[in-house]
Amino acid sequence: MLNKSQLLKKYDIPAPRYTSYPTVPYWTDHPTTGEWLNSLEDNLNRANSELSIYVHIPFCETLCTFCGCNTSITKNHSVENPYVDALIKEISLYTERIPSLKSKMIRDLHFGGGSPTYLSEHNLERLILGLKKDFYIAADSEFSIEVDPRRTRLTQLEILFQYGFRRISLGVQDFDPEVQRLVNRNQPFEMTKLITEGARSLGYTSVNFDLIYGLPRQTANSIRTTFHHTLSLRPDRIAFYSYAHVPWIKPSQRLFTELDLPAAEEKRELYEIGREILENEGYIEIGMDHFALKHDTLAKAIDQNKLHRNFMGYSHHKTNIMLGLGASAISETDDFFFQNQKLEVKYRNQVHQGEIPNLRGHKLNESDKLRKKLILDLMTTWQVKVPDSMIEDIKKYLKEMEEDNLILWDQNKLVVNELGKPFLRIIGTAFDEKLRASQKEGFQFSKAI
């Protein structure tokens, strides 16, 4: 029987995060804009369909070198007005082409980035009013925003609260000054405390912290200090992500070397330290990378079997339609993925020419849809019922993981053991026929552990 250290070494291989299936590198059958709009309208007209909207704000004043997001780095805030103009125009392009969008309630609205609080109070309000003008927003619609505590003012949070925002997610990553220096993110604890306490005093009901393990110069002692500071503020949710080292995609990650990064065993120890601290403090592990207090809707969703996962991460309920607005934003229906133009200038130009800013996407075939559901079940429940037609192949693929006591079988039901939870991404590759068939040279994904 292999010990934990040996297992980590054995299974530390590249694997997707599975916020979608197929994963973006394997999108091949790109839809036309017309096909996308037809799919969106068809899904809207289905019984019990629900709509969520994601708005991408790509701007940041400085570049954090760990970041893998689509960003535009500038301190010139003159970019705000034309970008918000384009977002409002994009909204109208959709509602003009699909009038039924106006009568569909937005179940979730999320502002992500980049740094959404890069926008001024005025432009945040302009954007929200643009959405309210063209979409039906009910009293129980759920609004959330990602914020950078270094660039966030309480006056911005007041405007957002006024229009219904109740969830806030703070980018923290790590509180150690040396780690912050290497990732170019100087963020003293007092900044995070000010925004956390300020949001709560305004009435925000859910606070999330994003933390990362595996950053340069992180140690067991520094991660304990980070969690000590974190728990003094008692966020309702914590996303504890593995640092994704992909310098072949994000050249800024070459500003520090691989020698600065914790080795595989050290990196996983950082996660285990954080996980143990959180569980001792009453946090529940939510699928992959996420933790929540028992009162939080994510924790309740597990008991109610309603946990969902998409490009925005874990959610406590499922919407079958996600409409992405802004540069690089990704939309999703049951049948399609659709991504906007990634470059902000090109995005604006296409929108102002009256075009839906189509960059790429994927039409899901029947096999894609089945495997998407199986992977989703695995990522949200730690188990999945495997169809008879696939059982022989999946059992053969996971035979070593079964022998290593990472999984077990209950007839056709695959169950992830406690020992196997760190390897959820690896287990998920069993259902990923595109990844398994590709055999491409070079890395496509970050390490799974």
# chains A, B, ... in the order shown; residues from 1 in each chain; ligands from 1

call {"tool": "residues_around", "arguments": {"residues": "segment 421-430 of chain A", "least_positions_apart": "2", "cutoff": "8 Å", "atoms": "only C-alpha atoms", "output": "PyMOL selection string"}}
result
chain A and resi 11+13+15-18+288+375+378-379+382+394+397-398+406+416-419+432-433+435-436+448-449

call {"tool": "write_last_selection", "arguments": {"atoms": "N, CA and C atoms", "output": "CSV table (one decimal), in the first residue's frame"}}
result
chain,number,residue,atom,x,y,z
A,11,TYR,N,0.7,10.3,-9.0
A,11,TYR,CA,-0.5,10.9,-9.7
A,11,TYR,C,-0.4,12.4,-9.9
A,13,ILE,N,0.1,14.5,-12.3
A,13,ILE,CA,0.2,14.7,-13.7
A,13,ILE,C,-0.8,15.8,-14.2
A,15,ALA,N,-3.9,17.8,-15.6
A,15,ALA,CA,-5.3,17.4,-15.8
A,15,ALA,C,-6.1,18.7,-15.7
A,16,PRO,N,-7.2,18.7,-16.5
A,16,PRO,CA,-8.1,19.9,-16.5
A,16,PRO,C,-8.8,20.2,-15.1
A,17,ARG,N,-9.3,21.4,-14.9
A,17,ARG,CA,-10.1,21.7,-13.7
A,17,ARG,C,-11.5,21.3,-14.0
A,18,TYR,N,-11.9,21.1,-15.2
A,18,TYR,CA,-13.3,20.6,-15.5
A,18,TYR,C,-14.3,21.6,-15.1
A,288,MET,N,-14.1,20.3,-5.3
A,288,MET,CA,-12.7,20.5,-5.5
A,288,MET,C,-12.3,22.0,-5.2
A,375,ILE,N,-19.0,13.9,-15.7
A,375,ILE,CA,-18.0,14.6,-15.0
A,375,ILE,C,-18.5,15.6,-14.0
A,378,LEU,N,-19.5,13.7,-10.9
A,378,LEU,CA,-18.3,13.4,-10.1
A,378,LEU,C,-17.8,14.6,-9.4
A,379,MET,N,-17.7,15.7,-10.0
A,379,MET,CA,-17.2,16.9,-9.4
A,379,MET,C,-18.1,17.5,-8.3
A,382,TRP,N,-18.8,13.5,-5.6
A,382,TRP,CA,-17.8,12.6,-5.3
A,382,TRP,C,-18.1,11.2,-5.8
A,394,ILE,N,-14.0,2.3,-18.2
A,394,ILE,CA,-13.7,3.2,-17.1
A,394,ILE,C,-13.0,2.3,-16.0
A,397,TYR,N,-9.4,1.8,-17.0
A,397,TYR,CA,-8.6,3.0,-16.9
A,397,TYR,C,-8.3,3.4,-15.4
A,398,LEU,N,-9.2,3.1,-14.5
A,398,LEU,CA,-9.0,3.5,-13.1
A,398,LEU,C,-8.6,2.3,-12.2
A,406,LEU,N,-8.0,4.7,-3.9
A,406,LEU,CA,-8.5,6.0,-4.1
A,406,LEU,C,-10.0,6.1,-4.5
A,416,VAL,N,-15.6,8.1,-4.9
A,416,VAL,CA,-14.2,8.6,-4.6
A,416,VAL,C,-14.1,8.4,-3.0
A,417,ASN,N,-13.0,7.7,-2.6
A,417,ASN,CA,-12.7,7.5,-1.2
A,417,ASN,C,-12.1,8.8,-0.7
A,418,GLU,N,-12.0,8.9,0.7
A,418,GLU,CA,-11.4,10.1,1.3
A,418,GLU,C,-10.0,10.3,0.8
A,419,LEU,N,-9.3,9.2,0.7
A,419,LEU,CA,-7.9,9.2,0.2
A,419,LEU,C,-7.8,9.7,-1.2
A,432,ASP,N,-13.0,11.6,-20.0
A,432,ASP,CA,-12.6,12.6,-21.0
A,432,ASP,C,-12.0,12.0,-22.3
A,433,GLU,N,-12.9,11.6,-23.2
A,433,GLU,CA,-12.4,10.9,-24.4
A,433,GLU,C,-11.5,11.7,-25.3
A,435,LEU,N,-9.4,14.2,-24.3
A,435,LEU,CA,-8.0,14.2,-23.7
A,435,LEU,C,-7.3,12.9,-23.9
A,436,ARG,N,-8.0,11.8,-23.6
A,436,ARG,CA,-7.4,10.5,-23.7
A,436,ARG,C,-7.0,10.1,-25.2
A,448,ALA,N,-2.2,18.6,-11.6
A,448,ALA,CA,-3.4,18.4,-10.9
A,448,ALA,C,-3.3,18.5,-9.4
A,449,ILE,N,-2.1,18.3,-8.9
A,449,ILE,CA,-1.9,18.3,-7.4
A,449,ILE,C,-1.2,19.6,-7.0

call {"tool": "residues_around", "arguments": {"residues": "Glu344 of chain A", "least_positions_apart": "4", "cutoff": "10 Å", "atoms": "only C-alpha atoms", "output": "PyMOL selection string"}}
result
chain A and resi 57-59+70-72+79+83+86+326-328+340+348-349

call {"tool": "residues_around", "arguments": {"residues": "segment 33-45 of chain A", "least_positions_apart": "6", "cutoff": "7 Å", "atoms": "only C-alpha atoms", "output": "MDAnalysis selection string"}}
result
chainID A and resid 98 333 335 356 358

call {"tool": "residues_around", "arguments": {"residues": "segment 162-176 of chain A", "least_positions_apart": "6", "cutoff": "7 Å", "atoms": "only C-alpha atoms", "output": "list in words"}}
result
Phe143, Ser144, Ile145, Glu146, Val147, Asp148, Pro149, Pro188, Phe189, Tyr204, Thr205, Ser206, Val207, Asn208, Phe209, Asp210, Leu211, Ile212, Ser222 and Thr226 of chain A

call {"tool": "atom_distance", "arguments": {"atom1": "atom CA of Phe291 of chain A", "atom2": "atom CA of Ala239 of chain A"}}
result
6.3 Å

call {"tool": "atom_distance", "arguments": {"atom1": "atom CA of Pro14 of chain A", "atom2": "atom CA of Ser438 of chain A"}}
result
13.5 Å

call {"tool": "atom_distance", "arguments": {"atom1": "atom CA of Arg237 of chain A", "atom2": "atom CA of Glu142 of chain A"}}
result
15.8 Å

call {"tool": "closest_atom_pairs", "arguments": {"of": "segment 142-246 of chain A", "to": "segment 266-279 of chain A", "cutoff": "10 Å", "atoms": "only C-alpha atoms", "output": "CSV"}}
result
residue,atom,partner,partner_atom,distance
A:Leu211,CA,A:Gly274,CA,9.9
A:Ile212,CA,A:Tyr271,CA,9.0
A:Tyr213,CA,A:Leu270,CA,6.3
A:Gly214,CA,A:Lys267,CA,5.1
A:Leu215,CA,A:Lys267,CA,8.6
A:Gln218,CA,A:Leu270,CA,8.2
A:Thr219,CA,A:Leu270,CA,7.2
A:Ala220,CA,A:Leu270,CA,5.9
A:Asn221,CA,A:Leu270,CA,9.3
A:Ser222,CA,A:Leu270,CA,9.3
A:Ile223,CA,A:Leu270,CA,6.7
A:Arg224,CA,A:Gly274,CA,7.3
A:Thr226,CA,A:Gly274,CA,9.2
A:Phe227,CA,A:Gly274,CA,7.0
A:His228,CA,A:Ile277,CA,9.1
A:Leu231,CA,A:Leu278,CA,8.5
A:Ile238,CA,A:Leu278,CA,9.1
A:Phe240,CA,A:Tyr271,CA,7.9
A:Tyr241,CA,A:Tyr271,CA,8.8
A:Ser242,CA,A:Tyr271,CA,8.1
A:Tyr243,CA,A:Lys267,CA,9.3

call {"tool": "write_last_selection", "arguments": {"atoms": "N, CA and C atoms", "output": "short mmCIF file (atom, residue, chain, number, x, y, z; two decimals), in the first residue's frame"}}
result
data_model
loop_
_atom_site.label_atom_id
_atom_site.label_comp_id
_atom_site.auth_asym_id
_atom_site.auth_seq_id
_atom_site.Cartn_x
_atom_site.Cartn_y
_atom_site.Cartn_z
N LEU A 211 -7.80 32.01 -2.00
CA LEU A 211 -6.44 31.74 -1.55
C LEU A 211 -5.80 30.78 -2.55
N ILE A 212 -4.47 30.80 -2.62
CA ILE A 212 -3.75 29.94 -3.55
C ILE A 212 -2.63 29.23 -2.80
N TYR A 213 -2.47 27.94 -3.06
CA TYR A 213 -1.30 27.21 -2.53
C TYR A 213 -0.39 26.82 -3.69
N GLY A 214 0.90 26.77 -3.40
CA GLY A 214 1.89 26.45 -4.43
C GLY A 214 2.56 27.67 -5.01
N LEU A 215 2.35 28.87 -4.39
CA LEU A 215 2.99 30.08 -4.87
C LEU A 215 4.47 30.11 -4.50
N GLN A 218 6.22 30.01 -0.72
CA GLN A 218 5.28 29.60 0.33
C GLN A 218 5.90 28.45 1.13
N THR A 219 5.66 28.47 2.44
CA THR A 219 6.14 27.41 3.32
C THR A 219 5.00 26.97 4.22
N ALA A 220 5.24 25.90 4.95
CA ALA A 220 4.23 25.42 5.90
C ALA A 220 3.91 26.51 6.92
N ASN A 221 4.94 27.22 7.40
CA ASN A 221 4.71 28.26 8.40
C ASN A 221 3.96 29.45 7.81
N SER A 222 4.32 29.82 6.56
CA SER A 222 3.65 31.00 5.97
C SER A 222 2.19 30.70 5.66
N ILE A 223 1.88 29.48 5.26
CA ILE A 223 0.48 29.16 4.95
C ILE A 223 -0.34 29.13 6.23
N ARG A 224 0.27 28.70 7.33
CA ARG A 224 -0.44 28.74 8.62
C ARG A 224 -0.74 30.18 9.03
N THR A 226 -1.13 32.70 6.96
CA THR A 226 -2.21 33.15 6.06
C THR A 226 -3.56 32.70 6.58
N PHE A 227 -3.66 31.46 7.03
CA PHE A 227 -4.95 30.97 7.52
C PHE A 227 -5.31 31.57 8.88
N HIS A 228 -4.31 31.90 9.68
CA HIS A 228 -4.59 32.59 10.94
C HIS A 228 -5.26 33.94 10.66
N LEU A 231 -8.88 33.35 9.09
CA LEU A 231 -9.92 32.91 10.02
C LEU A 231 -10.27 33.98 11.04
N ILE A 238 -14.41 29.85 1.26
CA ILE A 238 -12.99 29.99 0.91
C ILE A 238 -12.73 29.11 -0.32
N PHE A 240 -9.71 27.61 -2.25
CA PHE A 240 -8.30 27.34 -1.96
C PHE A 240 -7.72 26.62 -3.17
N TYR A 241 -7.23 27.42 -4.13
CA TYR A 241 -6.83 26.90 -5.43
C TYR A 241 -5.37 26.47 -5.46
N SER A 242 -5.10 25.48 -6.30
CA SER A 242 -3.73 25.15 -6.64
C SER A 242 -3.20 26.17 -7.64
N TYR A 243 -2.00 26.69 -7.37
CA TYR A 243 -1.38 27.59 -8.34
C TYR A 243 -1.15 26.84 -9.65
#

call {"tool": "select_by_dssp", "arguments": {"residues": "segment 57-229 of chain A", "states": "alpha helix (DSSP H)", "output": "PyMOL selection string"}}
result
chain A and resi 80-97+121-134+154-162+177-182+189-202+220-229

call {"tool": "closest_residue", "arguments": {"among": "A:Asp236, A:Glu80, A:Asp140, A:Glu90", "to": "Thr117 of chain A", "atoms": "only C-alpha atoms"}}
result
A:Glu80

call {"tool": "residues_around", "arguments": {"residues": "Ser100 of chain A", "least_positions_apart": "3", "cutoff": "10 Å", "atoms": "only C-alpha atoms", "output": "compact mmCIF listing (two decimals) with N, CA and C atoms, in the first residue's frame"}}
result
# COMPACT_ATOMS: atom_id res chain seq x y z
N GLU A 41 -31.88 30.88 -27.99
CA GLU A 41 -33.33 31.10 -28.00
C GLU A 41 -34.08 29.80 -27.69
N LEU A 44 -33.83 29.04 -24.03
CA LEU A 44 -34.67 29.97 -23.26
C LEU A 44 -36.13 29.54 -23.26
N ASN A 45 -36.57 28.94 -24.35
CA ASN A 45 -37.97 28.57 -24.49
C ASN A 45 -38.30 27.21 -23.89
N TYR A 94 -28.17 41.43 -28.02
CA TYR A 94 -28.83 40.16 -27.67
C TYR A 94 -30.35 40.33 -27.56
N THR A 95 -30.79 41.36 -26.86
CA THR A 95 -32.23 41.50 -26.65
C THR A 95 -32.97 41.91 -27.92
N GLU A 96 -32.27 42.59 -28.83
CA GLU A 96 -32.89 42.91 -30.12
C GLU A 96 -33.08 41.65 -30.96
N ARG A 97 -32.12 40.75 -30.91
CA ARG A 97 -32.19 39.52 -31.71
C ARG A 97 -33.07 38.45 -31.06
N SER A 103 -37.92 38.95 -21.01
CA SER A 103 -38.91 38.43 -20.07
C SER A 103 -38.36 37.30 -19.21
N LYS A 104 -37.09 36.93 -19.44
CA LYS A 104 -36.49 35.84 -18.68
C LYS A 104 -35.78 36.38 -17.44
N PHE A 135 -33.14 43.45 -19.03
CA PHE A 135 -33.40 42.14 -18.48
C PHE A 135 -34.36 42.24 -17.30

call {"tool": "residues_around", "arguments": {"residues": "Leu109 of chain A", "least_positions_apart": "2", "cutoff": "10 Å", "atoms": "only C-alpha atoms", "output": "ChimeraX atom specification"}}
result
/A:51-55,106-107,111-112,131,137,141-145,164-165,322-323
